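Peer 1: To start, I am sharing the structure in question, which I have written as structure tokens.
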Amino acid sequence: MKAITYNAYGTPAALQLVDVPQPKVGPGEVLVRVKAAGVNPVDWKLAAGYLDPILEVRYPVIPGWDVAGVVEAVGEDTFDHAVGDEVYGYVRKEWVELGTYAELVSAPVRTLARKPRELSFEQAAGIPLAGLTAYQSLTRAGLKAGETVVIHSAAGGTGSLGVQIAVALGLRVIGTAGAHNHDYLRSLGAEPVLYGEGLADRIRALAPEGIDAGLDFYGDGVIETLQSLVKERHRVVSIADYDAAAKGAHQLWVRPDTADLTFLAELADAGKLTVNVEHALPLAEAAKAWELSAAGRTRGKIVLTV
């Protein structure tokens with residue numbers, strides 16, 4: 001099969017489209033014919049070596065954790081999905097090696113759920129990591145209907161999904177973004193606020209009684225700002241500040257979860273969650289996709305089509 005690989009830590013230029021053996025399918029796994037693979041900042045950060053202290057890497061690496069596709073084969077004693085099922089998932093395994101930037105991927109069933117019927121494969125591939133991150137961040141913050149949450153970097157892949165999920169859960173959402181994304185955030189149901197100097201004052205103007213929780217999806221030193229605004233300091237969650245726990249906030253690392261993926265699919269099928277795919281590139285252009293991701297100016301998601 002064809003797959004994108006790299007053989008050492010480095011830059012996007014190290015990515016190659018090559019022929020590799022078809023993955024084996026073990027018990028509790030299915031073989032997925034990949035239709036689209038989501039691109040996330042963690043993909044290129046991992047390949048640059050930033051996560052070397054915490055993740056086991058075995059070369060050559062096929063990158064990618066997000067997938068949407070069709071079940072092509074089923075492993076021994078596996079009955080969760082059948083051949084022909086359309087699925088999507090966050091295929092994170094015990095170590096980094098056999099990812100989703102490929103024609104085929106073997107996926108543990110614990111990482112998959114039924115694909116949202118109302119979304120294309122490209123849109124579905126943009127949900128798993130970012131959507132799970134957003135939903136699990138909201139859950140970690142203990143949010144409930146009627147409360148107010150600030151989502152920092154609300155127009156990006158994780159933020160835009162987080163806004164929609166929060167609105168669907170009955171939350172009031174204040175989202176930080178550049179001025180050019182404010183209308184976009186309003187269309188998702190958020191109240192936009194400009195990030196940068198003076199952010200705390202602008203949020204206080206919108207919520208003088210304070211906010212209930214803050215989600216940091218960017219990591220530019222905003223934790224302290226959010227902690228100064230929440231009614232309870234511990235109700236701040238960050239996915240990007242690795243000192244979050246030391247600062248008294250929650251540091252979240254997203255987990256594969258079939259039930260959570262199913263919930264997100266149900267939101268999508270109910271018309272409450274969609275994905276803005278800003279760039280859909282062929283698998284061979286994975287390096288370009290990483291460059292676009294690293295530039296940090298994408299509204300919504302980048303995906304690779306296979």
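Going by the structure tokens order, chains are called A, B, ..., each with residues numbered from 1, while ligands are numbered from 1 in the order shown.
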Go through range 126-283 of chain A and collect every residue that DSSP, computed from the backbone, puts in strand (DSSP E); the answer should be as JSON, numbers by chain.

Peer 2: {"A": [148, 149, 150, 151, 152, 172, 173, 174, 175, 176, 177, 191, 192, 193, 194, 213, 214, 215, 216, 236, 237, 238, 250, 251, 277, 278, 279, 280, 281, 282]}

Peer 1: Using DSSP on the backbone coordinates, identify the residues of range 72-265 of chain A assigned to alpha helix (DSSP H); present them as a ChimeraX atom specification.

Peer 2: /A:121-125,128-140,157-168,182-188,199-206,223-227,258-265

Peer 1: Need the shell around Val150 in chain A: protein/DNA/RNA residues with any atom at most 6 Å away, counting only C-alpha atoms. Skip same-chain ones fewer than 3 positions apart. Format as a list in words?

Peer 2: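 Once the adjacent positions are removed, what remains is Val173, Ile174, Gly175 and Gly214 of chain A.
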
Peer 1: Find the spatial neighbours of Lys272 in chain A, counting only C-alpha atoms, within a cut-off of 12 Å - ignore same-chain residues fewer than 3 positions away - and output them as JSON, numbers by chain.

Peer 2: {"A": [116, 118, 119, 161, 162, 163, 164, 165, 166, 167, 168, 169, 170, 188, 189, 263, 264, 265, 266, 267, 268, 269, 275]}

Peer 1: So how many Å separate CA of Gly300 in chain A and CA of Arg92 in chain A, to one decimal?

Peer 2: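 It comes out at 21.6 Å.
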
Peer 1: Which residues, written as a PyMOL selection string, have at least one atom at most 12 Å from range 221-225 of chain A, with only C-alpha atoms counted and residues fewer than 6 positions away on the same chain left out?

Peer 2: chain A and resi 150-153+176+195-204+211+213-215+233-251

Peer 1: Could you check which of A:Val30, A:Ile62, A:Val42, A:Ala47 is closest to Phe79 in chain A, using only C-alpha atoms?

Peer 2: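 Using only C-alpha atoms, Phe79 in chain A sits closest to A:Val30.
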
Peer 1: Determine, counting only C-alpha atoms, which protein, DNA and RNA residues have an atom within 10 Å of an atom of Gln136 in chain A; residues of the same chain fewer than 6 positions away are not included. Present the result as a PDB file with N, CA, C and O atoms, in the first residue's frame.

Peer 2:
```
ATOM      1  N   ALA A 130      -9.514  16.607  17.439  1.00  0.00           N
ATOM      2  CA  ALA A 130      -9.929  17.944  17.860  1.00  0.00           C
ATOM      3  C   ALA A 130     -11.260  17.913  18.592  1.00  0.00           C
ATOM      4  O   ALA A 130     -11.442  18.577  19.618  1.00  0.00           O
ATOM      5  N   GLY A 142     -15.945  20.472  34.127  1.00  0.00           N
ATOM      6  CA  GLY A 142     -17.172  20.279  34.894  1.00  0.00           C
ATOM      7  C   GLY A 142     -18.291  21.208  34.490  1.00  0.00           C
ATOM      8  O   GLY A 142     -19.147  21.555  35.318  1.00  0.00           O
ATOM      9  N   GLY A 162     -15.096  23.035  19.637  1.00  0.00           N
ATOM     10  CA  GLY A 162     -15.439  23.284  21.029  1.00  0.00           C
ATOM     11  C   GLY A 162     -16.581  24.264  21.179  1.00  0.00           C
ATOM     12  O   GLY A 162     -17.469  24.077  22.026  1.00  0.00           O
ATOM     13  N   VAL A 237      -8.624  24.616  31.831  1.00  0.00           N
ATOM     14  CA  VAL A 237      -8.055  23.441  31.184  1.00  0.00           C
ATOM     15  C   VAL A 237      -7.199  23.904  30.012  1.00  0.00           C
ATOM     16  O   VAL A 237      -7.614  24.761  29.228  1.00  0.00           O
ATOM     17  N   LEU A 252      -4.654  18.633  29.829  1.00  0.00           N
ATOM     18  CA  LEU A 252      -5.393  17.526  29.236  1.00  0.00           C
ATOM     19  C   LEU A 252      -4.657  16.929  28.050  1.00  0.00           C
ATOM     20  O   LEU A 252      -4.156  17.657  27.184  1.00  0.00           O
ATOM     21  N   TRP A 253      -4.588  15.595  28.028  1.00  0.00           N
ATOM     22  CA  TRP A 253      -4.100  14.853  26.867  1.00  0.00           C
ATOM     23  C   TRP A 253      -5.261  13.968  26.428  1.00  0.00           C
ATOM     24  O   TRP A 253      -5.695  13.078  27.146  1.00  0.00           O
ATOM     25  N   VAL A 254      -5.753  14.215  25.241  1.00  0.00           N
ATOM     26  CA  VAL A 254      -6.973  13.561  24.770  1.00  0.00           C
ATOM     27  C   VAL A 254      -6.814  12.043  24.692  1.00  0.00           C
ATOM     28  O   VAL A 254      -5.727  11.533  24.395  1.00  0.00           O
ATOM     29  N   ARG A 255      -7.924  11.319  24.949  1.00  0.00           N
ATOM     30  CA  ARG A 255      -7.917   9.862  24.910  1.00  0.00           C
ATOM     31  C   ARG A 255      -8.917   9.353  23.867  1.00  0.00           C
ATOM     32  O   ARG A 255     -10.000   9.918  23.719  1.00  0.00           O
ATOM     33  N   ASP A 257     -11.982   7.339  22.656  1.00  0.00           N
ATOM     34  CA  ASP A 257     -13.146   6.947  23.428  1.00  0.00           C
ATOM     35  C   ASP A 257     -14.326   6.753  22.485  1.00  0.00           C
ATOM     36  O   ASP A 257     -14.822   7.712  21.909  1.00  0.00           O
ATOM     37  N   ASP A 260     -17.517   8.766  23.424  1.00  0.00           N
ATOM     38  CA  ASP A 260     -17.404  10.192  23.117  1.00  0.00           C
ATOM     39  C   ASP A 260     -17.510  10.430  21.608  1.00  0.00           C
ATOM     40  O   ASP A 260     -18.160  11.387  21.152  1.00  0.00           O
TER      41      ASP A 260
END
```

Peer 1: Can you measure CA of Ala154 in chain A to CA of His180 in chain A for me? One decimal in Å is fine.

Peer 2: 12.4 Å

Peer 1: Of the candidates A:Gln227, A:Ser293, A:Thr78, A:Thr158, which shows the shortest atom-to-atom distance to Arg110 in chain A, using only C-alpha atoms?

Peer 2: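 Among the listed residues, the smallest separation from Arg110 in chain A belongs to A:Thr78.
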
Peer 1: Quick one: everything within 6 Å of Pro282 in chain A, counting only C-alpha atoms, minus sequence neighbours fewer than 2 positions away in the same chain. Send it as a PyMOL selection string.

Peer 2: chain A and resi 284-285+304-305
